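Report on the following structure.
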Amino acid sequence: LHFLWEKEEVDYLLDLMKRTLLLSDWSSGSSGNGGAEKSFLVPSLLSNVKFESGKISPMSGKYMFVFDFASQWLPIGVFERLICLAVAHSSNTSPSRAPVLSNNVCTIWFGQEWIELTRDEEGISCVLDKPDIAATTLSMLNSMLTKIHHDVMNGRLAWEVKIKTSKGFISWDEAKKRVLRPWFPVESTIIRSKEGEIRSLNLDSFLGSFR
């Protein structure tokens, strides 16, 4: 950035990209330069990786939910911004392994637990392995999408949450009605985040709310 911008307006550019969720701090593996320079993740610069390439392999998760954009479409930039927020939260959750990232599938650790996010033309799917993080992961990612919806997409996103069962996918409302475990323990609260609160939080406060 210093080279491209001749050392001018770099801090402004970084702040702008953070606020528009195009960039997040990258702490994994950045100690090789002695900490002299900060590193950043820009998801839109990641390349697509096919599973058969051997570079990234799908995790064998047991639990899955989908953010379905089929009634509209999945706009360019939404998945990338979700990755920005998820990686930023991962960096705040210690100890977390370095994420494995591509433009279409990412494995991200929150402490000792991992999730895998994959996108296609109609939505974003999340796979995870541990039932005890299912409800909180669903709530957190839904809140992140809501943040993107208000702060970047001008309230124009439309998606449905669908949960995979042994007989196929069911809606979030149907899963709630059934008190479907592990997504809805009896004591679980509704995942529908208060949109007014999410809209009013700055990025640091928003990410801090997940700690």
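In the structure tokens, each chain is lettered A, B, ... as it comes, each chain's residues begin at 1, and ligands are numbered from 1 in order of appearance.
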Within 10 Å of range 83-88 of chain A: each range 138-174 of chain A residue with its shortest pair, only C-alpha atoms, as JSON lines:
```
{"residue": "A:Met140", "atom": "CA", "partner": "A:Ala86", "partner_atom": "CA", "distance": 9.1}
{"residue": "A:Leu141", "atom": "CA", "partner": "A:Ala86", "partner_atom": "CA", "distance": 7.8}
{"residue": "A:Met144", "atom": "CA", "partner": "A:Leu85", "partner_atom": "CA", "distance": 6.9}
{"residue": "A:Leu145", "atom": "CA", "partner": "A:Leu85", "partner_atom": "CA", "distance": 9.3}
{"residue": "A:Lys147", "atom": "CA", "partner": "A:Leu85", "partner_atom": "CA", "distance": 9.6}
{"residue": "A:Ile148", "atom": "CA", "partner": "A:Leu85", "partner_atom": "CA", "distance": 9.4}
```
Residues within 8 Å of range 160-172 of chain A, please, as a PyMOL selection string. Count only C-alpha atoms; anything in the same chain fewer than 3 positions from it doesn't count. chain A and resi 63-69+175-176
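Excluding range 104-119 of chain A itself and any same-chain residue fewer than 6 positions from it, the protein and nucleic acid residues within 6 Å of it, counting only C-alpha atoms, are Asn48, Ser90, Thr93, Ser94, Pro95, Ser96, Arg97, Ser125, Cys126, Val127 and Leu128 of chain A.
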Given the selection you just returned, output its residues as a file containing N, CA and C atoms, formatted as a tab-separated table (two decimals), in the first residue's frame.
```
chain	number	residue	atom	x	y	z
A	48	ASN	N	-10.17	-18.93	-6.21
A	48	ASN	CA	-11.01	-20.11	-6.03
A	48	ASN	C	-10.13	-21.35	-5.97
A	90	SER	N	-12.15	-14.66	14.85
A	90	SER	CA	-11.19	-15.73	15.12
A	90	SER	C	-9.92	-15.16	15.74
A	93	THR	N	-10.26	-14.58	19.32
A	93	THR	CA	-10.56	-15.77	20.12
A	93	THR	C	-9.28	-16.60	20.24
A	94	SER	N	-8.71	-16.61	21.42
A	94	SER	CA	-7.42	-17.28	21.61
A	94	SER	C	-7.59	-18.57	22.40
A	95	PRO	N	-6.83	-19.64	22.04
A	95	PRO	CA	-5.95	-19.71	20.87
A	95	PRO	C	-6.72	-20.25	19.66
A	96	SER	N	-6.55	-19.63	18.51
A	96	SER	CA	-7.19	-20.10	17.28
A	96	SER	C	-6.12	-20.41	16.24
A	97	ARG	N	-6.30	-21.50	15.51
A	97	ARG	CA	-5.40	-21.83	14.43
A	97	ARG	C	-5.59	-20.85	13.27
A	125	SER	N	-23.24	-21.84	2.97
A	125	SER	CA	-23.48	-22.95	3.88
A	125	SER	C	-22.39	-22.96	4.95
A	126	CYS	N	-22.76	-23.44	6.13
A	126	CYS	CA	-21.82	-23.57	7.23
A	126	CYS	C	-21.88	-24.99	7.76
A	127	VAL	N	-20.73	-25.61	7.89
A	127	VAL	CA	-20.62	-26.96	8.44
A	127	VAL	C	-19.76	-26.89	9.69
A	128	LEU	N	-20.17	-27.62	10.72
A	128	LEU	CA	-19.38	-27.69	11.95
A	128	LEU	C	-19.50	-29.08	12.54
```
Proximity to Ala135 in chain A - best of A:Leu180, A:Ser91, A:Leu16, A:His150, only C-alpha atoms: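 Using only C-alpha atoms, the shortest distance to Ala135 in chain A belongs to A:Leu180.
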Of A:Asp151, A:Leu46, A:Ala98, A:Arg156, the one sitting nearest Pro75 in chain A when using only C-alpha atoms is A:Arg156
Enumerate as number ranges by chain all residues of range 16-190 of chain A assigned to alpha helix (DSSP H) by DSSP on the backbone, naming them with the chain letters and numbers the document uses. A: 16-19, 78-92, 134-151, 172-178
Near Met17 in chain A, counting only C-alpha atoms, which residues have an atom at most 12 Å away, once you skip same-chain residues fewer than 5 positions from it, shown as number ranges by chain? A: 10-12, 22-25, 40-44, 81, 84, 152, 203
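Remark: for Ser209 in chain A, the closest of the candidate residues A:Thr20, A:Asp129, A:Ile124, A:Asn92 is A:Asn92 (distances computed over only C-alpha atoms).
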Can you work out which one of A:Ser47, A:Phe210, A:Glu122, A:Lys177 has the shortest atom-to-atom distance to Ala70 in chain A, counting only C-alpha atoms? A:Glu122
Atom pair CA of Thr137 in chain A + CA of Pro99 in chain A, distance 16.2 Å
Have a look at CA of Ala158 in chain A and CA of Gln72 in chain A and let me know their distance in Å, one decimal.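 About the pair CA of Ala158 in chain A and CA of Gln72 in chain A: they are 6.6 Å apart.
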